[in-house]
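Colleague: I'd like to ask some things about the structure below.
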Amino acid sequence: MKLGKTAFSHFVSQVVVTLAGFAATWLIAVVLGADGLGRYSVIVSLGFFWLVIPGNAVANAMKKRISEGDSPAGFIGGGILLNAVTTAVLGVLILAAGELLGGIVSRNRELMRVLIEYDVEIVVMLVATVAYRTTQGSLQGQKRVATTGWLKAGERVTRTALQVGALLAAMGVAGIALGHASSLAIAAGVAFLLSERRPALPTVDQLRSLVDYAKYAWMGALRGRVFGWLDTIFLSFFVSASLIGIYEAAWGIASMLAIASSSISQTLFPEVSDLSTADGYDRIVHYLDEALAFSSILVIPGLVGAAVIGDRVLRFYRPEFDQGATVLLILIAAYLADAFASQFTNVINGVDRPDAAFRVNMVFIVSNAILNAVLIWQLSWTGAAIATALSSLLRALIGYWVLGNIVGSIRIPYQTLGTQVAAATVMAAAVSPVAMLMPPGRLGTLLLAGFGGVVYAVVLVIISARVRAKARLVMPETTL
């Protein structure tokens with residue numbers, strides 16, 4: 001299967017993921033309110049994102065080493081062994097922390113409250129997440145990216161179904177957290193069965209190879225957590241659970257627009273990794289040019305659309321959510337910068353330079369942490385969004401410079417990006433007058449968003465020959 005078809009298949013699967021995720025977030029917000037959504041978000045930030053950083057690093061190392069094609073079974077076994085040990089240690093520490101903090105710490109901060117009241121749920125989610133990430137890394141290393149995309153879609157639909165059941169059973173925040181963990185455990189089992197390779201006992205050299213890569217790759221995993229969830233942790237010290245819930249709803253909408261970039265990135269990595277072993281840098285630069293041309297194809301119209309109807313989109317959850325309209329606009333801008341930055345660092349990792357990616361991500365993490373601390377203190381939750389956007393822009397600029405030093409000149413597809421901006425501008429001009437005529441309810445918002453999407457797509461296909469060429473054939477002989 002060629003890269004274009006693989007990327008498109010992965011993208012379609014991520015549309016399913018996005019729709020299922022939106023449905024779940026909407027239902028949680030409606031049933032539990034912004035407060036319940038905020039508390040669940042803190043649980044997820046810990047058990048699904050922050051604590052799994054070591055596991056993610058090992059999974060990334062597995063993906064790299066397996067994709068190189070040398071004794072993959074041993075690397076699968078080594079990854080499972082390393083992640084089992086680290087997860088067991090982290091789980092014990094979290095349970096001990098929950099018991100210790102429960103006796104000595106006030107619960108007037110959301111982070112402390114969650115650690116004390118939901119420690120078991122956090123550990124269960126941690127174990128399930130690491131199992132899922134490990135099996136996912138194995139499949140991606142075998143170049144079965146489309147399979148992992150559909151596996152993720154199945155996990156997300158299962159998660160939504162289990163969470164709906166938990167809400168109907170009035171199980172509250174604990175119920176939806178355990179539903180989340182259960183879906184991950186099921187997906188991990190399915191991924192293991194789908195693998196064409198079975199784990200073997202690793203050699204000492206294979207374990208050392210995984211650790212050598214993971215010691216740099218953990219920074220990439222940390223970077224992803226900082227981008228998506230450091231602001232949540234900071235906000236949990238400064239604002240109420242309800243504001244965290246609104247912020248996470250805005251973040252969820254922004255993340256929906258990044259699925260094209262994510263699909264391209266996931267598809268590109270094993271191919272770049274393979275090419276890097278033969279020093280095929282000219283081909284790598286070509287692939288990167290294609291990736292950059294289409295990574296922002298949804299984010300740019302999303303940014304323009306948020307400026308026009310962002311408040312209406314947030315009211316889709318509940319009326320009080322519209323106060324996050326400015327935050328939504330800034331977070332989409334952050335995702336626009338991240339779409340390019342992630343392609344740069346993805347290729348840096350793919351050519352086996354995790355040390356260089358480490359330095360790029362370190363700059364992002366330090367700047368994001370400092371900006372979050374200062375700007376949340378000064379500007380509350382709006383400052384968190386600004387911090388994410390500024391640090392993402394910095395990462396894109398540094399990533400561009402570092403990658404250029406490794407592979408040579410990088411081509412930025414300005415013409416294709418310009419057509420996306422032009423099409424989004426026409427979309428805004430068409431949507432603005434129609435928005436004044438549309439009823440204010442949820443149906444009106446859906447129709448308005450759909451109308452804008454159709455206008456953008458039609459205009460883009462008309463004015464961009466490159467987009468027409470890709471749209472014409474996402475078929476067996478298509479190349480990315």
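Labeling convention for the structure tokens: chains A, B, ... as they appear, residues from 1 per chain, ligands from 1 in order of appearance.
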Fewer than 6 positions away in the same chain doesn't count, so skip those; otherwise give me all residues within 12 Å of A:Leu100, counting only C-alpha atoms, as a PDB file with C-alpha atoms, in the first residue's frame.
Modeller:
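Wrote out_15.pdb, looks like this:
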```
ATOM      1  CA  LEU A  93       4.103   4.858  43.833  1.00  0.00           C
ATOM      2  CA  ILE A  94       0.725   6.356  42.858  1.00  0.00           C
ATOM      3  CA  SER A 106      -5.977  19.727  51.904  1.00  0.00           C
ATOM      4  CA  MET A 112      -4.680  17.003  45.099  1.00  0.00           C
ATOM      5  CA  LEU A 115      -4.826  12.102  43.461  1.00  0.00           C
ATOM      6  CA  ILE A 116      -6.527  11.321  46.761  1.00  0.00           C
ATOM      7  CA  GLU A 117     -10.004  10.330  45.588  1.00  0.00           C
ATOM      8  CA  ASP A 119      -5.794   6.950  42.842  1.00  0.00           C
TER       9      ASP A 119
END
```
Colleague: Skipping near chain neighbours, those fewer than 4 positions away, what residues fall within 12 Å of A:Asp322 using only C-alpha atoms, listed as a ChimeraX atom specification?
Modeller: /A:34,243,246-247,249-250,306,309-318,326-329
Colleague: I need the residues from that last selection saved to file as an mmCIF file, in the first residue's frame (with N, CA, C and O atoms), if you can.
Modeller:
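File written: part37.cif
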```cif
data_model
loop_
_atom_site.group_PDB
_atom_site.id
_atom_site.type_symbol
_atom_site.label_atom_id
_atom_site.label_comp_id
_atom_site.auth_asym_id
_atom_site.auth_seq_id
_atom_site.Cartn_x
_atom_site.Cartn_y
_atom_site.Cartn_z
ATOM 1 N N ALA A 34 -19.506 21.167 33.476
ATOM 2 C CA ALA A 34 -18.107 21.547 33.298
ATOM 3 C C ALA A 34 -17.248 21.053 34.460
ATOM 4 O O ALA A 34 -16.078 20.696 34.283
ATOM 5 N N LEU A 243 -13.842 25.722 34.924
ATOM 6 C CA LEU A 243 -13.044 26.389 33.890
ATOM 7 C C LEU A 243 -12.112 25.402 33.193
ATOM 8 O O LEU A 243 -11.870 25.509 31.985
ATOM 9 N N ILE A 246 -14.243 23.665 30.577
ATOM 10 C CA ILE A 246 -14.469 24.486 29.381
ATOM 11 C C ILE A 246 -13.197 24.541 28.544
ATOM 12 O O ILE A 246 -13.236 24.444 27.305
ATOM 13 N N TYR A 247 -12.064 24.697 29.202
ATOM 14 C CA TYR A 247 -10.771 24.737 28.501
ATOM 15 C C TYR A 247 -10.543 23.430 27.740
ATOM 16 O O TYR A 247 -10.116 23.447 26.578
ATOM 17 N N ALA A 249 -12.800 21.333 26.688
ATOM 18 C CA ALA A 249 -13.740 21.254 25.570
ATOM 19 C C ALA A 249 -13.199 22.024 24.370
ATOM 20 O O ALA A 249 -13.241 21.555 23.227
ATOM 21 N N ALA A 250 -12.660 23.219 24.626
ATOM 22 C CA ALA A 250 -12.050 24.012 23.553
ATOM 23 C C ALA A 250 -10.854 23.277 22.965
ATOM 24 O O ALA A 250 -10.650 23.250 21.739
ATOM 25 N N ALA A 306 -13.186 29.498 13.613
ATOM 26 C CA ALA A 306 -13.310 29.811 15.037
ATOM 27 C C ALA A 306 -13.432 31.311 15.263
ATOM 28 O O ALA A 306 -14.117 31.759 16.187
ATOM 29 N N ILE A 309 -17.349 31.839 14.171
ATOM 30 C CA ILE A 309 -18.456 31.206 14.912
ATOM 31 C C ILE A 309 -17.964 30.383 16.104
ATOM 32 O O ILE A 309 -18.640 29.458 16.551
ATOM 33 N N GLY A 310 -16.792 30.714 16.658
ATOM 34 C CA GLY A 310 -16.250 29.924 17.759
ATOM 35 C C GLY A 310 -17.155 29.863 18.972
ATOM 36 O O GLY A 310 -17.288 28.812 19.614
ATOM 37 N N ASP A 311 -17.810 30.971 19.306
ATOM 38 C CA ASP A 311 -18.689 30.973 20.476
ATOM 39 C C ASP A 311 -19.888 30.052 20.275
ATOM 40 O O ASP A 311 -20.316 29.352 21.200
ATOM 41 N N ARG A 312 -20.428 30.023 19.059
ATOM 42 C CA ARG A 312 -21.551 29.128 18.772
ATOM 43 C C ARG A 312 -21.142 27.670 18.896
ATOM 44 O O ARG A 312 -21.903 26.833 19.410
ATOM 45 N N VAL A 313 -19.951 27.346 18.419
ATOM 46 C CA VAL A 313 -19.477 25.961 18.478
ATOM 47 C C VAL A 313 -19.353 25.506 19.922
ATOM 48 O O VAL A 313 -19.758 24.385 20.274
ATOM 49 N N LEU A 314 -18.837 26.351 20.792
ATOM 50 C CA LEU A 314 -18.688 25.972 22.198
ATOM 51 C C LEU A 314 -20.036 25.885 22.914
ATOM 52 O O LEU A 314 -20.209 25.085 23.834
ATOM 53 N N ARG A 315 -21.005 26.682 22.493
ATOM 54 C CA ARG A 315 -22.336 26.592 23.103
ATOM 55 C C ARG A 315 -23.016 25.268 22.771
ATOM 56 O O ARG A 315 -24.034 24.928 23.382
ATOM 57 N N PHE A 316 -22.449 24.536 21.816
ATOM 58 C CA PHE A 316 -22.996 23.216 21.491
ATOM 59 C C PHE A 316 -22.967 22.314 22.722
ATOM 60 O O PHE A 316 -23.816 21.437 22.875
ATOM 61 N N TYR A 317 -21.979 22.511 23.588
ATOM 62 C CA TYR A 317 -21.904 21.725 24.821
ATOM 63 C C TYR A 317 -22.972 22.188 25.805
ATOM 64 O O TYR A 317 -23.893 21.455 26.136
ATOM 65 N N ARG A 318 -22.814 23.415 26.269
ATOM 66 C CA ARG A 318 -23.752 24.053 27.182
ATOM 67 C C ARG A 318 -23.571 25.551 27.026
ATOM 68 O O ARG A 318 -22.502 26.008 26.621
ATOM 69 N N THR A 326 -12.340 32.797 23.029
ATOM 70 C CA THR A 326 -10.987 33.321 22.790
ATOM 71 C C THR A 326 -9.941 32.240 22.990
ATOM 72 O O THR A 326 -8.976 32.120 22.203
ATOM 73 N N VAL A 327 -10.119 31.437 24.018
ATOM 74 C CA VAL A 327 -9.202 30.322 24.272
ATOM 75 C C VAL A 327 -9.197 29.361 23.091
ATOM 76 O O VAL A 327 -8.144 28.880 22.662
ATOM 77 N N LEU A 328 -10.380 29.069 22.541
ATOM 78 C CA LEU A 328 -10.471 28.166 21.395
ATOM 79 C C LEU A 328 -9.657 28.689 20.220
ATOM 80 O O LEU A 328 -8.900 27.933 19.587
ATOM 81 N N LEU A 329 -9.783 29.963 19.919
ATOM 82 C CA LEU A 329 -9.067 30.556 18.791
ATOM 83 C C LEU A 329 -7.553 30.432 18.987
ATOM 84 O O LEU A 329 -6.812 30.060 18.058
#
```
Colleague: Quick one: of A:Ala258, A:Ala356, A:Val467, A:Leu101, who's nearest to A:Ala337, counting only C-alpha atoms?
Modeller: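 With only C-alpha atoms as the atom set, the closest residue is A:Ala258.
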Colleague: Which residues are close to A:Thr388, i.e. within 8 Å by only C-alpha atoms, leaving aside same-chain residues fewer than 6 positions away? Reply as a list of chain:residue names.
Modeller: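 The filter keeps A:Phe227, A:Asp231, A:Leu331, A:Ala334, A:Asn368, A:Asn372.
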Colleague: Grab the atom CA of A:Leu81 to atom CA of A:Leu230 distance for me, in Å with one decimal place.
Modeller: 28.6 Å
Colleague: Would you please work out which residue, of A:Ala188, A:Leu90, A:Leu193, A:Leu336, is nearest to A:Thr134 when using only C-alpha atoms?
Modeller: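 Looking only at the distances to A:Thr134, the closest residue turns out to be A:Ala188.
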Colleague: Show which residues sit within 12 Å of A:Leu51, as number ranges by chain. Count only C-alpha atoms, and ignore same-chain residues fewer than 5 positions away.
Modeller: A: 43-46, 56-57, 83, 86-91, 93-94, 122-130, 218, 221-222, 225, 229
Colleague: Go ahead and write the selection's residues with N, CA, C and O atoms as a compact mmCIF listing (two decimals), in the first residue's frame.
Modeller:
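To be explicit, this is the file written out as out04.txt:
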```txt
# COMPACT_ATOMS: atom_id res chain seq x y z
N ILE A 43 -7.84 13.47 35.74
CA ILE A 43 -7.53 12.04 35.83
C ILE A 43 -6.85 11.56 34.56
O ILE A 43 -5.84 10.85 34.60
N VAL A 44 -7.40 11.95 33.41
CA VAL A 44 -6.84 11.54 32.14
C VAL A 44 -5.43 12.10 31.95
O VAL A 44 -4.52 11.41 31.47
N SER A 45 -5.23 13.35 32.36
CA SER A 45 -3.91 13.95 32.20
C SER A 45 -2.85 13.18 32.97
O SER A 45 -1.70 13.06 32.52
N LEU A 46 -3.24 12.60 34.09
CA LEU A 46 -2.28 11.83 34.90
C LEU A 46 -2.15 10.39 34.39
O LEU A 46 -1.05 9.93 34.07
N ASN A 56 5.66 5.29 26.80
CA ASN A 56 5.62 5.83 25.44
C ASN A 56 7.01 5.87 24.82
O ASN A 56 7.19 5.61 23.62
N ALA A 57 8.01 6.24 25.61
CA ALA A 57 9.38 6.29 25.10
C ALA A 57 9.84 4.91 24.64
O ALA A 57 10.44 4.76 23.57
N ASN A 83 8.46 -2.15 29.75
CA ASN A 83 7.26 -1.42 30.13
C ASN A 83 6.53 -2.07 31.30
O ASN A 83 5.92 -1.38 32.13
N THR A 86 8.54 -0.83 34.50
CA THR A 86 8.36 0.59 34.83
C THR A 86 6.92 0.88 35.27
O THR A 86 6.69 1.68 36.19
N THR A 87 5.94 0.23 34.65
CA THR A 87 4.54 0.47 35.00
C THR A 87 4.23 -0.04 36.40
O THR A 87 3.50 0.61 37.16
N ALA A 88 4.78 -1.19 36.75
CA ALA A 88 4.56 -1.73 38.09
C ALA A 88 5.11 -0.78 39.16
O ALA A 88 4.45 -0.52 40.18
N VAL A 89 6.28 -0.24 38.91
CA VAL A 89 6.88 0.70 39.88
C VAL A 89 6.03 1.96 40.01
O VAL A 89 5.73 2.42 41.12
N LEU A 90 5.61 2.52 38.89
CA LEU A 90 4.79 3.73 38.92
C LEU A 90 3.45 3.50 39.60
O LEU A 90 2.96 4.35 40.35
N GLY A 91 2.84 2.36 39.35
CA GLY A 91 1.55 2.05 39.97
C GLY A 91 1.64 2.00 41.48
O GLY A 91 0.77 2.55 42.19
N LEU A 93 3.84 3.50 43.34
CA LEU A 93 4.10 4.86 43.83
C LEU A 93 2.82 5.71 43.88
O LEU A 93 2.61 6.47 44.83
N ILE A 94 1.96 5.57 42.88
CA ILE A 94 0.73 6.36 42.86
C ILE A 94 -0.20 5.93 43.99
O ILE A 94 -0.80 6.76 44.68
N ILE A 122 -6.61 6.00 38.49
CA ILE A 122 -5.42 6.47 37.78
C ILE A 122 -4.48 5.31 37.47
O ILE A 122 -3.96 5.19 36.36
N VAL A 123 -4.28 4.42 38.44
CA VAL A 123 -3.38 3.28 38.24
C VAL A 123 -3.94 2.32 37.20
O VAL A 123 -3.21 1.84 36.32
N VAL A 124 -5.24 2.05 37.26
CA VAL A 124 -5.86 1.16 36.27
C VAL A 124 -5.70 1.74 34.86
O VAL A 124 -5.37 1.02 33.91
N MET A 125 -5.91 3.04 34.74
CA MET A 125 -5.75 3.68 33.44
C MET A 125 -4.30 3.64 32.97
O MET A 125 -4.01 3.45 31.79
N LEU A 126 -3.37 3.82 33.90
CA LEU A 126 -1.95 3.75 33.57
C LEU A 126 -1.57 2.40 32.98
O LEU A 126 -0.92 2.31 31.93
N VAL A 127 -1.97 1.33 33.65
CA VAL A 127 -1.62 -0.03 33.19
C VAL A 127 -2.22 -0.29 31.81
O VAL A 127 -1.54 -0.80 30.90
N ALA A 128 -3.49 0.05 31.63
CA ALA A 128 -4.16 -0.19 30.36
C ALA A 128 -3.54 0.64 29.23
O ALA A 128 -3.37 0.16 28.11
N THR A 129 -3.19 1.87 29.55
CA THR A 129 -2.60 2.75 28.52
C THR A 129 -1.25 2.25 28.07
O THR A 129 -0.96 2.22 26.86
N VAL A 130 -0.40 1.86 29.00
CA VAL A 130 0.93 1.37 28.62
C VAL A 130 0.82 0.09 27.80
O VAL A 130 1.56 -0.10 26.82
N TRP A 218 12.03 9.62 25.21
CA TRP A 218 11.12 10.03 26.26
C TRP A 218 10.87 11.53 26.22
O TRP A 218 9.80 12.01 26.61
N ALA A 221 8.02 12.07 23.91
CA ALA A 221 6.78 11.74 24.59
C ALA A 221 6.40 12.83 25.59
O ALA A 221 5.24 13.23 25.70
N LEU A 222 7.40 13.33 26.31
CA LEU A 222 7.16 14.40 27.26
C LEU A 222 6.68 15.65 26.54
O LEU A 222 5.79 16.37 27.01
N ARG A 225 3.08 15.48 25.90
CA ARG A 225 2.29 15.69 27.12
C ARG A 225 2.29 17.16 27.52
O ARG A 225 1.29 17.69 27.99
N TRP A 229 -1.13 18.72 27.83
CA TRP A 229 -1.66 18.58 29.19
C TRP A 229 -0.92 19.34 30.27
O TRP A 229 -1.37 19.34 31.42
```
Colleague: Taking 6 positions as the minimum chain separation for residues in the same chain, which residues sit within 12 Å of stretch 153-159 of chain A when counting only C-alpha atoms? Answer as a VMD selection string.
Modeller: chain A and resid 9 to 25 128 to 129 132 136 146 to 147 165 to 166 175 to 191
Colleague: Got time to write the residues from that selection, N, CA and C atoms, as a tab-separated table (two decimals), in the first residue's frame?
Modeller:
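Result went into part-v1.tsv, see below:
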```
chain	number	residue	atom	x	y	z
A	9	SER	N	-6.30	6.29	4.59
A	9	SER	CA	-7.00	5.29	5.40
A	9	SER	C	-6.87	5.62	6.88
A	10	HIS	N	-5.66	6.00	7.30
A	10	HIS	CA	-5.45	6.38	8.69
A	10	HIS	C	-6.27	7.61	9.03
A	11	PHE	N	-6.35	8.56	8.10
A	11	PHE	CA	-7.12	9.78	8.32
A	11	PHE	C	-8.60	9.46	8.52
A	12	VAL	N	-9.15	8.60	7.65
A	12	VAL	CA	-10.57	8.24	7.78
A	12	VAL	C	-10.83	7.60	9.13
A	13	SER	N	-9.92	6.74	9.56
A	13	SER	CA	-10.09	6.11	10.88
A	13	SER	C	-10.07	7.15	11.98
A	14	GLN	N	-9.24	8.19	11.81
A	14	GLN	CA	-9.15	9.22	12.85
A	14	GLN	C	-10.38	10.13	12.86
A	15	VAL	N	-11.07	10.22	11.72
A	15	VAL	CA	-12.35	10.93	11.71
A	15	VAL	C	-13.34	10.21	12.62
A	16	VAL	N	-13.33	8.87	12.55
A	16	VAL	CA	-14.18	8.08	13.44
A	16	VAL	C	-13.80	8.33	14.90
A	17	VAL	N	-12.49	8.34	15.16
A	17	VAL	CA	-12.00	8.62	16.52
A	17	VAL	C	-12.50	9.98	17.00
A	18	THR	N	-12.37	10.98	16.12
A	18	THR	CA	-12.74	12.34	16.48
A	18	THR	C	-14.22	12.46	16.79
A	19	LEU	N	-15.04	11.89	15.94
A	19	LEU	CA	-16.49	11.98	16.15
A	19	LEU	C	-16.92	11.26	17.43
A	20	ALA	N	-16.32	10.09	17.66
A	20	ALA	CA	-16.65	9.36	18.89
A	20	ALA	C	-16.18	10.14	20.12
A	21	GLY	N	-15.00	10.75	20.02
A	21	GLY	CA	-14.49	11.54	21.13
A	21	GLY	C	-15.34	12.76	21.41
A	22	PHE	N	-15.77	13.44	20.35
A	22	PHE	CA	-16.63	14.60	20.53
A	22	PHE	C	-17.96	14.21	21.18
A	23	ALA	N	-18.51	13.08	20.74
A	23	ALA	CA	-19.78	12.62	21.32
A	23	ALA	C	-19.62	12.34	22.81
A	24	ALA	N	-18.52	11.69	23.17
A	24	ALA	CA	-18.30	11.38	24.59
A	24	ALA	C	-18.11	12.65	25.41
A	25	THR	N	-17.29	13.57	24.92
A	25	THR	CA	-17.06	14.82	25.66
A	25	THR	C	-18.34	15.61	25.81
A	128	ALA	N	-3.49	0.05	31.63
A	128	ALA	CA	-4.16	-0.19	30.36
A	128	ALA	C	-3.54	0.64	29.23
A	129	THR	N	-3.19	1.87	29.55
A	129	THR	CA	-2.60	2.75	28.52
A	129	THR	C	-1.25	2.25	28.07
A	132	TYR	N	-1.60	-0.70	25.82
A	132	TYR	CA	-2.07	-0.28	24.50
A	132	TYR	C	-0.95	0.38	23.70
A	136	GLN	N	0.65	-0.99	20.20
A	136	GLN	CA	0.53	-0.06	19.08
A	136	GLN	C	1.90	0.22	18.46
A	146	ALA	N	-2.08	1.91	9.01
A	146	ALA	CA	-3.53	1.96	8.80
A	146	ALA	C	-4.25	1.07	9.81
A	147	THR	N	-3.66	-0.09	10.12
A	147	THR	CA	-4.26	-0.99	11.10
A	147	THR	C	-4.34	-0.33	12.46
A	165	GLY	N	-22.58	4.03	29.03
A	165	GLY	CA	-23.15	3.09	29.98
A	165	GLY	C	-22.89	3.50	31.42
A	166	ALA	N	-21.67	3.98	31.69
A	166	ALA	CA	-21.34	4.42	33.05
A	166	ALA	C	-22.17	5.63	33.46
A	175	GLY	N	-16.72	6.14	37.05
A	175	GLY	CA	-17.23	5.23	36.03
A	175	GLY	C	-16.70	5.53	34.65
A	176	ILE	N	-16.67	6.81	34.28
A	176	ILE	CA	-16.18	7.14	32.93
A	176	ILE	C	-14.67	6.93	32.84
A	177	ALA	N	-13.95	7.09	33.96
A	177	ALA	CA	-12.50	6.82	33.95
A	177	ALA	C	-12.24	5.33	33.76
A	178	LEU	N	-13.00	4.49	34.45
A	178	LEU	CA	-12.81	3.05	34.31
A	178	LEU	C	-13.27	2.56	32.94
A	179	GLY	N	-14.29	3.20	32.37
A	179	GLY	CA	-14.70	2.87	31.01
A	179	GLY	C	-13.59	3.16	30.02
A	180	HIS	N	-12.92	4.27	30.23
A	180	HIS	CA	-11.77	4.65	29.41
A	180	HIS	C	-10.68	3.58	29.49
A	181	ALA	N	-10.34	3.17	30.70
A	181	ALA	CA	-9.28	2.17	30.90
A	181	ALA	C	-9.67	0.82	30.29
A	182	SER	N	-10.92	0.44	30.43
A	182	SER	CA	-11.37	-0.85	29.90
A	182	SER	C	-11.24	-0.91	28.38
A	183	SER	N	-11.59	0.17	27.70
A	183	SER	CA	-11.49	0.18	26.24
A	183	SER	C	-10.04	0.05	25.79
A	184	LEU	N	-9.12	0.67	26.53
A	184	LEU	CA	-7.70	0.56	26.20
A	184	LEU	C	-7.19	-0.87	26.38
A	185	ALA	N	-7.64	-1.52	27.44
A	185	ALA	CA	-7.22	-2.90	27.69
A	185	ALA	C	-7.72	-3.83	26.58
A	186	ILE	N	-8.96	-3.62	26.14
A	186	ILE	CA	-9.51	-4.43	25.05
A	186	ILE	C	-8.71	-4.21	23.77
A	187	ALA	N	-8.42	-2.93	23.47
A	187	ALA	CA	-7.66	-2.62	22.25
A	187	ALA	C	-6.26	-3.22	22.30
A	188	ALA	N	-5.63	-3.21	23.47
A	188	ALA	CA	-4.30	-3.81	23.60
A	188	ALA	C	-4.33	-5.29	23.28
A	189	GLY	N	-5.36	-5.99	23.75
A	189	GLY	CA	-5.50	-7.40	23.47
A	189	GLY	C	-5.70	-7.67	21.98
A	190	VAL	N	-6.52	-6.86	21.34
A	190	VAL	CA	-6.75	-7.01	19.90
A	190	VAL	C	-5.47	-6.75	19.12
A	191	ALA	N	-4.73	-5.71	19.50
A	191	ALA	CA	-3.48	-5.37	18.81
A	191	ALA	C	-2.48	-6.51	18.92
```
Colleague: Which is closest to A:Ala333 among A:Thr425, A:Ser41, A:Ala385, A:Gly245, if we use only C-alpha atoms?
Modeller: A:Ala385
Colleague: I want to know what sits within 6 Å of stretch 196-212 of chain A, based on only C-alpha atoms, with residues of the same chain fewer than 6 positions away left out; could you give that as a PyMOL selection string?
Modeller: chain A and resi 61+73-74+76-78
Colleague: With all heavy atoms retained, export the selected residues as a PDB file, in the first residue's frame.
Modeller:
```
ATOM      1  N   ALA A  61      10.736   3.569  20.868  1.00  0.00           N
ATOM      2  CA  ALA A  61      11.973   2.850  20.575  1.00  0.00           C
ATOM      3  C   ALA A  61      11.671   1.522  19.870  1.00  0.00           C
ATOM      4  O   ALA A  61      12.365   1.130  18.925  1.00  0.00           O
ATOM      5  CB  ALA A  61      12.754   2.603  21.866  1.00  0.00           C
ATOM      6  N   ALA A  73      11.266  -9.715  16.664  1.00  0.00           N
ATOM      7  CA  ALA A  73      10.617 -10.425  17.768  1.00  0.00           C
ATOM      8  C   ALA A  73      11.293 -10.124  19.103  1.00  0.00           C
ATOM      9  O   ALA A  73      10.627  -9.953  20.137  1.00  0.00           O
ATOM     10  CB  ALA A  73      10.624 -11.925  17.497  1.00  0.00           C
ATOM     11  N   GLY A  74      12.613 -10.048  19.098  1.00  0.00           N
ATOM     12  CA  GLY A  74      13.334  -9.737  20.326  1.00  0.00           C
ATOM     13  C   GLY A  74      13.062  -8.336  20.815  1.00  0.00           C
ATOM     14  O   GLY A  74      12.952  -8.094  22.025  1.00  0.00           O
ATOM     15  N   ILE A  76      10.269  -6.704  20.300  1.00  0.00           N
ATOM     16  CA  ILE A  76       8.905  -6.713  20.855  1.00  0.00           C
ATOM     17  C   ILE A  76       8.934  -7.242  22.286  1.00  0.00           C
ATOM     18  O   ILE A  76       8.346  -6.649  23.204  1.00  0.00           O
ATOM     19  CB  ILE A  76       7.976  -7.570  19.976  1.00  0.00           C
ATOM     20  CG1 ILE A  76       7.815  -6.935  18.593  1.00  0.00           C
ATOM     21  CG2 ILE A  76       6.602  -7.715  20.648  1.00  0.00           C
ATOM     22  CD1 ILE A  76       7.037  -7.794  17.605  1.00  0.00           C
ATOM     23  N   GLY A  77       9.628  -8.352  22.477  1.00  0.00           N
ATOM     24  CA  GLY A  77       9.733  -8.909  23.829  1.00  0.00           C
ATOM     25  C   GLY A  77      10.434  -7.970  24.790  1.00  0.00           C
ATOM     26  O   GLY A  77      10.023  -7.818  25.948  1.00  0.00           O
ATOM     27  N   GLY A  78      11.481  -7.301  24.308  1.00  0.00           N
ATOM     28  CA  GLY A  78      12.199  -6.357  25.163  1.00  0.00           C
ATOM     29  C   GLY A  78      11.340  -5.174  25.555  1.00  0.00           C
ATOM     30  O   GLY A  78      11.373  -4.718  26.711  1.00  0.00           O
TER      31      GLY A  78
END
```
Colleague: Closest to A:Lys143 among A:Ser195, A:Gln420, A:Asn361, A:Ser391, using only C-alpha atoms?
Modeller: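 Going through A:Ser195, A:Gln420, A:Asn361, A:Ser391 one by one, the smallest distance to A:Lys143 is for A:Ser195.
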Colleague: Can you measure atom CA of A:Ser255 to atom CA of A:Val226 for me? One decimal in Å is fine.
Modeller: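 Spanning atom CA of A:Ser255 to atom CA of A:Val226 is a straight-line distance of 14.4 Å.
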Colleague: Work out how far apart atom CA of A:Asp70 and atom CA of A:Val351 are and give it in Å to one decimal.
Modeller: 16.4 Å
Colleague: Could you give me, as number ranges by chain, the residues within 12 Å of A:Phe364, counting only C-alpha atoms and dropping anything in the same chain fewer than 6 positions from it?
Modeller: A: 219-220, 222-227, 230, 338, 341-342, 345, 357-358, 370-372, 387-399
Colleague: Those selected residues, please, written with C-alpha atoms and delivered as a short mmCIF file (atom, residue, chain, number, x, y, z; two decimals), in the first residue's frame.
Modeller:
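This went into out.cif:
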```cif
data_model
loop_
_atom_site.label_atom_id
_atom_site.label_comp_id
_atom_site.auth_asym_id
_atom_site.auth_seq_id
_atom_site.Cartn_x
_atom_site.Cartn_y
_atom_site.Cartn_z
CA MET A 219 11.65 13.72 25.59
CA GLY A 220 9.45 13.45 22.51
CA LEU A 222 7.16 14.40 27.26
CA ARG A 223 6.85 17.06 24.57
CA GLY A 224 3.48 15.67 23.54
CA ARG A 225 2.29 15.69 27.12
CA VAL A 226 3.50 19.23 27.67
CA PHE A 227 1.74 20.37 24.50
CA LEU A 230 0.84 20.77 31.03
CA ASP A 338 2.39 22.24 16.06
CA ALA A 341 6.74 21.42 14.20
CA SER A 342 5.65 17.80 14.55
CA THR A 345 10.73 16.48 14.67
CA ALA A 357 14.90 15.92 18.50
CA PHE A 358 15.64 15.80 22.23
CA ILE A 370 7.91 29.04 32.09
CA LEU A 371 5.26 30.70 29.95
CA ASN A 372 2.46 28.71 31.59
CA ALA A 387 1.77 29.86 26.44
CA THR A 388 1.00 26.78 24.36
CA ALA A 389 0.79 28.77 21.11
CA LEU A 390 4.05 30.69 21.65
CA SER A 391 6.08 27.65 22.67
CA SER A 392 4.70 25.67 19.70
CA LEU A 393 5.78 28.42 17.31
CA LEU A 394 9.27 28.38 18.85
CA ARG A 395 9.46 24.60 18.44
CA ALA A 396 8.49 24.88 14.76
CA LEU A 397 11.20 27.44 14.05
CA ILE A 398 13.94 25.52 15.87
CA GLY A 399 12.83 22.20 14.38
#
```
Colleague: Using only C-alpha atoms, which of A:Gln378, A:Ser367, A:Ser295, A:Ser240 sits nearest A:Phe344?
Modeller: A:Ser295
Colleague: Looking at only C-alpha atoms, which of A:Met436, A:Ala429, A:Val58, A:Ala96 is the one that sits closest to A:Thr135?
Modeller: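 Closest candidate: A:Val58.
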